[in-house]
Amino acid sequence: PHALFDPQRRERPVEHDGMIPAMLISAYGVGRESLMDRSLSRNFDDAAPENPVIANVRRLNAAMAAEFGKHDSMLTLDDPDHGRVRGIVAEAFLKRAAGAQGLVAQIIDAQIDALAGRETFDAVNDYAARIPIQVLGTILGSPPEMFESLKVWTEAGQLAFDPTKSAEQEKLALDGRRGILSHFKELMEARRAAPQDDLVSDLLAAQANGAPIDDNEILFNLFALLVAGHLTTADLIGNGIYLLLTHDEARQAILADPKLITGAVEEILRYEPPISFSARFAKADGKAGGCPYHKGDALVVSLISANRDEDRIDDPHRFDITRRPNPHLSFGAGAHICVGAPLARIEGQTAILKLLQRFPHLRKVDDSPPDWRVVPGVRGLAKLDVITE
Ligand code: HEM
């Protein structure tokens, strides 16, 4: 289906939507430039209010701000605040991520052991979607009994981006966000009183040592790490298992030479990016790829399309785990490039390789087409039923 972008990208690589104040960018070059353009904003306040997706997110953010303070995570801040906050959070987070290999392997081994003896299972819901929440929960400092709630709340919160959601779903999205923020608020209080070996304590210690970050910024960055890191990584693992079960040559090559998993994960990211779009907002009138935009317009870069741009990627519709270089945009680009990429890569490589090694005869139960979950922006499988023998 990603080939559907081909005519659009060739004929209208940058196109203004006639209906809403947004521009779709489907070409790699202009897409990457826009993501790197520091004159564009990530702050929803810079977006035209009549954009339905934005209106929807703003309403949720306003409700949360009334209870917890303004959404000051690196996801939505611009410079100079973005650089200041991202610097502090990324330093602490990346230190933890760099030491996480053992933790990740242990969580994945336990998850695979739990599948022992089963003839069939759902590789998404019984495996892929269970891993990132345990890794993130442990790194951040949440107690294990909270992991299931954090998972459910994060997935409900994702509905925030769906402008067509029902009133009931809106309530679920709000309650999900509220649950996560209340949890991290309590965790910050507990760790301030008694620090532990976790990221919450690291950030509070940095703050106590003079790092310029306030409580509200710590709270919303913990929230951002969880919501940006759960479903995305689960989808990387699920999409990867699916792609390797449907490309047997690639799977056999990895089983014969496990080092190939590194390039395979990059190709999985390129071929089925967990995040489909990344957006910026225009603070003034301007042009992208020759196409004029207005102040308040959203510049929406299709990562799916950019990753299949034949001007940048040879034979882009071919799944090739040995592709080198592989300059996919699945982690974005520029100042907001994914801060969790190193952890996502460790989790993706370990989870996919260990499952294939443990079940070398793993296959899909039938030839039915993949069951893509319909949540705007985040693309992964709703389920993937597999047989172990
Ligand atoms: C930003 C993708 C995993 C945390 C982003 C962006 C993308 C992305 C596309 C936006 C970049 C831009 O707009 O230029 C992914 C994918 C993942 C993944 C595909 C998994 C395969 C993670 C993990 C974490 C994380 C595991 C953390 C635990 C973040 C944060 C940002 C971000 C905090 C915002 C950075 C900023 O605005 O400065 N990610 N991500 N992500 N990601 Fe990830």
# chains A, B, ... in the order shown; residues from 1 in each chain; ligands from 1
call {"tool": "residues_around", "arguments": {"residues": "A:Glu15", "least_positions_apart": "2", "cutoff": "9 Å", "atoms": "only C-alpha atoms", "output": "PDB file with N, CA, C and O atoms, in the first residue's frame"}}
result
ATOM      1  N   GLN A   8       1.714  10.510  -6.034  1.00  0.00           N
ATOM      2  CA  GLN A   8       1.649  11.779  -5.288  1.00  0.00           C
ATOM      3  C   GLN A   8       3.045  12.403  -5.191  1.00  0.00           C
ATOM      4  O   GLN A   8       3.250  13.583  -5.447  1.00  0.00           O
ATOM      5  N   ARG A  12       3.224  15.653  -7.116  1.00  0.00           N
ATOM      6  CA  ARG A  12       2.984  16.757  -6.174  1.00  0.00           C
ATOM      7  C   ARG A  12       3.757  16.480  -4.882  1.00  0.00           C
ATOM      8  O   ARG A  12       3.160  16.180  -3.852  1.00  0.00           O
ATOM      9  N   PRO A  13       5.100  16.555  -4.962  1.00  0.00           N
ATOM     10  CA  PRO A  13       5.909  16.183  -3.787  1.00  0.00           C
ATOM     11  C   PRO A  13       5.602  17.036  -2.563  1.00  0.00           C
ATOM     12  O   PRO A  13       5.782  16.595  -1.430  1.00  0.00           O
ATOM     13  N   ASP A  17      -3.074  21.235   1.371  1.00  0.00           N
ATOM     14  CA  ASP A  17      -4.412  20.684   1.472  1.00  0.00           C
ATOM     15  C   ASP A  17      -5.391  21.838   1.276  1.00  0.00           C
ATOM     16  O   ASP A  17      -5.275  22.860   1.928  1.00  0.00           O
ATOM     17  N   GLY A  18      -6.331  21.680   0.364  1.00  0.00           N
ATOM     18  CA  GLY A  18      -7.266  22.769   0.115  1.00  0.00           C
ATOM     19  C   GLY A  18      -8.211  23.013   1.285  1.00  0.00           C
ATOM     20  O   GLY A  18      -8.713  24.119   1.488  1.00  0.00           O
ATOM     21  N   ALA A  22      -2.893  22.844   6.147  1.00  0.00           N
ATOM     22  CA  ALA A  22      -1.803  21.881   6.271  1.00  0.00           C
ATOM     23  C   ALA A  22      -1.216  21.583   4.905  1.00  0.00           C
ATOM     24  O   ALA A  22      -1.904  21.671   3.885  1.00  0.00           O
ATOM     25  N   MET A  23       0.082  21.218   4.917  1.00  0.00           N
ATOM     26  CA  MET A  23       0.770  20.870   3.690  1.00  0.00           C
ATOM     27  C   MET A  23       1.318  19.460   3.847  1.00  0.00           C
ATOM     28  O   MET A  23       1.920  19.151   4.877  1.00  0.00           O
ATOM     29  N   LEU A  24       1.085  18.620   2.823  1.00  0.00           N
ATOM     30  CA  LEU A  24       1.638  17.270   2.882  1.00  0.00           C
ATOM     31  C   LEU A  24       2.927  17.239   2.075  1.00  0.00           C
ATOM     32  O   LEU A  24       2.949  17.595   0.904  1.00  0.00           O
ATOM     33  N   ILE A  25       3.999  16.795   2.735  1.00  0.00           N
ATOM     34  CA  ILE A  25       5.291  16.700   2.064  1.00  0.00           C
ATOM     35  C   ILE A  25       5.622  15.219   1.931  1.00  0.00           C
ATOM     36  O   ILE A  25       5.776  14.515   2.928  1.00  0.00           O
ATOM     37  N   SER A  26       5.714  14.750   0.679  1.00  0.00           N
ATOM     38  CA  SER A  26       5.924  13.312   0.503  1.00  0.00           C
ATOM     39  C   SER A  26       7.309  12.983  -0.050  1.00  0.00           C
ATOM     40  O   SER A  26       7.681  11.813  -0.112  1.00  0.00           O
ATOM     41  N   CYS A 291       6.557  25.440  -2.793  1.00  0.00           N
ATOM     42  CA  CYS A 291       5.111  25.544  -2.529  1.00  0.00           C
ATOM     43  C   CYS A 291       4.882  26.510  -1.360  1.00  0.00           C
ATOM     44  O   CYS A 291       5.447  26.320  -0.281  1.00  0.00           O
TER      45      CYS A 291
END
call {"tool": "residues_around", "arguments": {"residues": "stretch 251-260 of chain A", "least_positions_apart": "2", "cutoff": "12 Å", "atoms": "only C-alpha atoms", "output": "mmCIF file with C-alpha atoms, in the first residue's frame"}}
result
data_model
loop_
_atom_site.group_PDB
_atom_site.id
_atom_site.type_symbol
_atom_site.label_atom_id
_atom_site.label_comp_id
_atom_site.auth_asym_id
_atom_site.auth_seq_id
_atom_site.Cartn_x
_atom_site.Cartn_y
_atom_site.Cartn_z
ATOM 1 C CA GLY A 240 9.693 -6.768 12.219
ATOM 2 C CA ILE A 241 8.391 -10.214 13.117
ATOM 3 C CA TYR A 242 5.727 -9.870 10.435
ATOM 4 C CA LEU A 243 8.209 -8.784 7.761
ATOM 5 C CA LEU A 244 10.633 -11.593 8.553
ATOM 6 C CA LEU A 245 7.862 -14.212 8.588
ATOM 7 C CA THR A 246 6.857 -13.017 5.130
ATOM 8 C CA HIS A 247 10.459 -12.757 3.789
ATOM 9 C CA ASP A 248 11.882 -16.194 4.454
ATOM 10 C CA GLU A 249 15.217 -15.603 2.758
ATOM 11 C CA THR A 262 21.392 -4.759 13.001
ATOM 12 C CA GLY A 263 20.815 -3.907 9.330
ATOM 13 C CA ALA A 264 17.533 -5.827 9.357
ATOM 14 C CA VAL A 265 16.100 -3.558 12.056
ATOM 15 C CA GLU A 266 17.066 -0.452 10.038
ATOM 16 C CA GLU A 267 15.308 -1.920 7.008
ATOM 17 C CA PHE A 319 12.803 -5.277 1.477
ATOM 18 C CA ASP A 320 16.581 -5.690 1.707
ATOM 19 C CA ILE A 321 18.144 -6.290 5.116
ATOM 20 C CA THR A 322 21.637 -5.684 3.715
ATOM 21 C CA ARG A 323 20.780 -2.214 2.351
ATOM 22 C CA ARG A 324 23.647 0.170 3.007
ATOM 23 C CA GLN A 349 17.247 -6.200 17.619
ATOM 24 C CA THR A 350 17.122 -8.319 20.780
ATOM 25 C CA ILE A 352 13.231 -10.059 17.065
ATOM 26 C CA LEU A 353 16.448 -12.101 17.009
ATOM 27 C CA LYS A 354 15.723 -14.016 20.223
ATOM 28 C CA LEU A 355 12.188 -14.925 19.106
ATOM 29 C CA LEU A 356 13.374 -16.209 15.704
ATOM 30 C CA GLN A 357 16.174 -18.209 17.333
ATOM 31 C CA ARG A 358 13.905 -19.742 19.945
ATOM 32 C CA PHE A 359 11.209 -20.651 17.380
ATOM 33 C CA PRO A 360 13.076 -21.290 14.101
ATOM 34 C CA HIS A 361 9.924 -22.754 12.493
ATOM 35 C CA LEU A 362 7.682 -19.870 13.482
ATOM 36 C CA ARG A 363 5.058 -19.069 10.846
#
call {"tool": "residues_around", "arguments": {"residues": "A:Asp162", "least_positions_apart": "4", "cutoff": "12 Å", "atoms": "only C-alpha atoms", "output": "list in words"}}
result
Pro52, Val53, Ile54, Ala55, Asn56, Val57, Leu60, Ala156, Gly157, Gln158, Ser166, Ala167, Gln169, Glu170, Ala173, Val374, Val375, Pro376, Gly377 and Val378 of chain A
call {"tool": "select_by_dssp", "arguments": {"residues": "stretch 69-305 of chain A", "states": "strand (DSSP E)", "output": "ChimeraX atom specification"}}
result
/A:120-122,277-282,286-288,291-293,298-302
call {"tool": "residues_near_ligand", "arguments": {"ligand": "ligand 1", "cutoff": "6 Å", "atoms": "only C-alpha atoms and all ligand atoms", "output": "PyMOL selection string"}}
result
chain A and resi 35+74-75+86+224-226+228-229+232-233+236+273-275+278+330-334+336-341+343-344
call {"tool": "residues_around", "arguments": {"residues": "A:Gln207", "least_positions_apart": "6", "cutoff": "10 Å", "atoms": "only C-alpha atoms", "output": "PyMOL selection string"}}
result
chain A and resi 88+201+213-215+218
call {"tool": "decode", "arguments": {"residues": "stretch 358-370 of chain A", "atoms": "C-alpha atoms", "output": "compact mmCIF listing (two decimals), in the first residue's frame"}}
result
# COMPACT_ATOMS: atom_id res chain seq x y z
CA ARG A 358 13.90 -19.74 19.95
CA PHE A 359 11.21 -20.65 17.38
CA PRO A 360 13.08 -21.29 14.10
CA HIS A 361 9.92 -22.75 12.49
CA LEU A 362 7.68 -19.87 13.48
CA ARG A 363 5.06 -19.07 10.85
CA LYS A 364 1.80 -17.18 10.42
CA VAL A 365 -1.29 -19.27 11.13
CA ASP A 366 -2.63 -18.51 7.67
CA ASP A 367 -2.11 -16.28 4.65
CA SER A 368 -4.61 -13.65 5.72
CA PRO A 369 -3.52 -10.06 5.04
CA PRO A 370 -1.91 -8.19 7.94
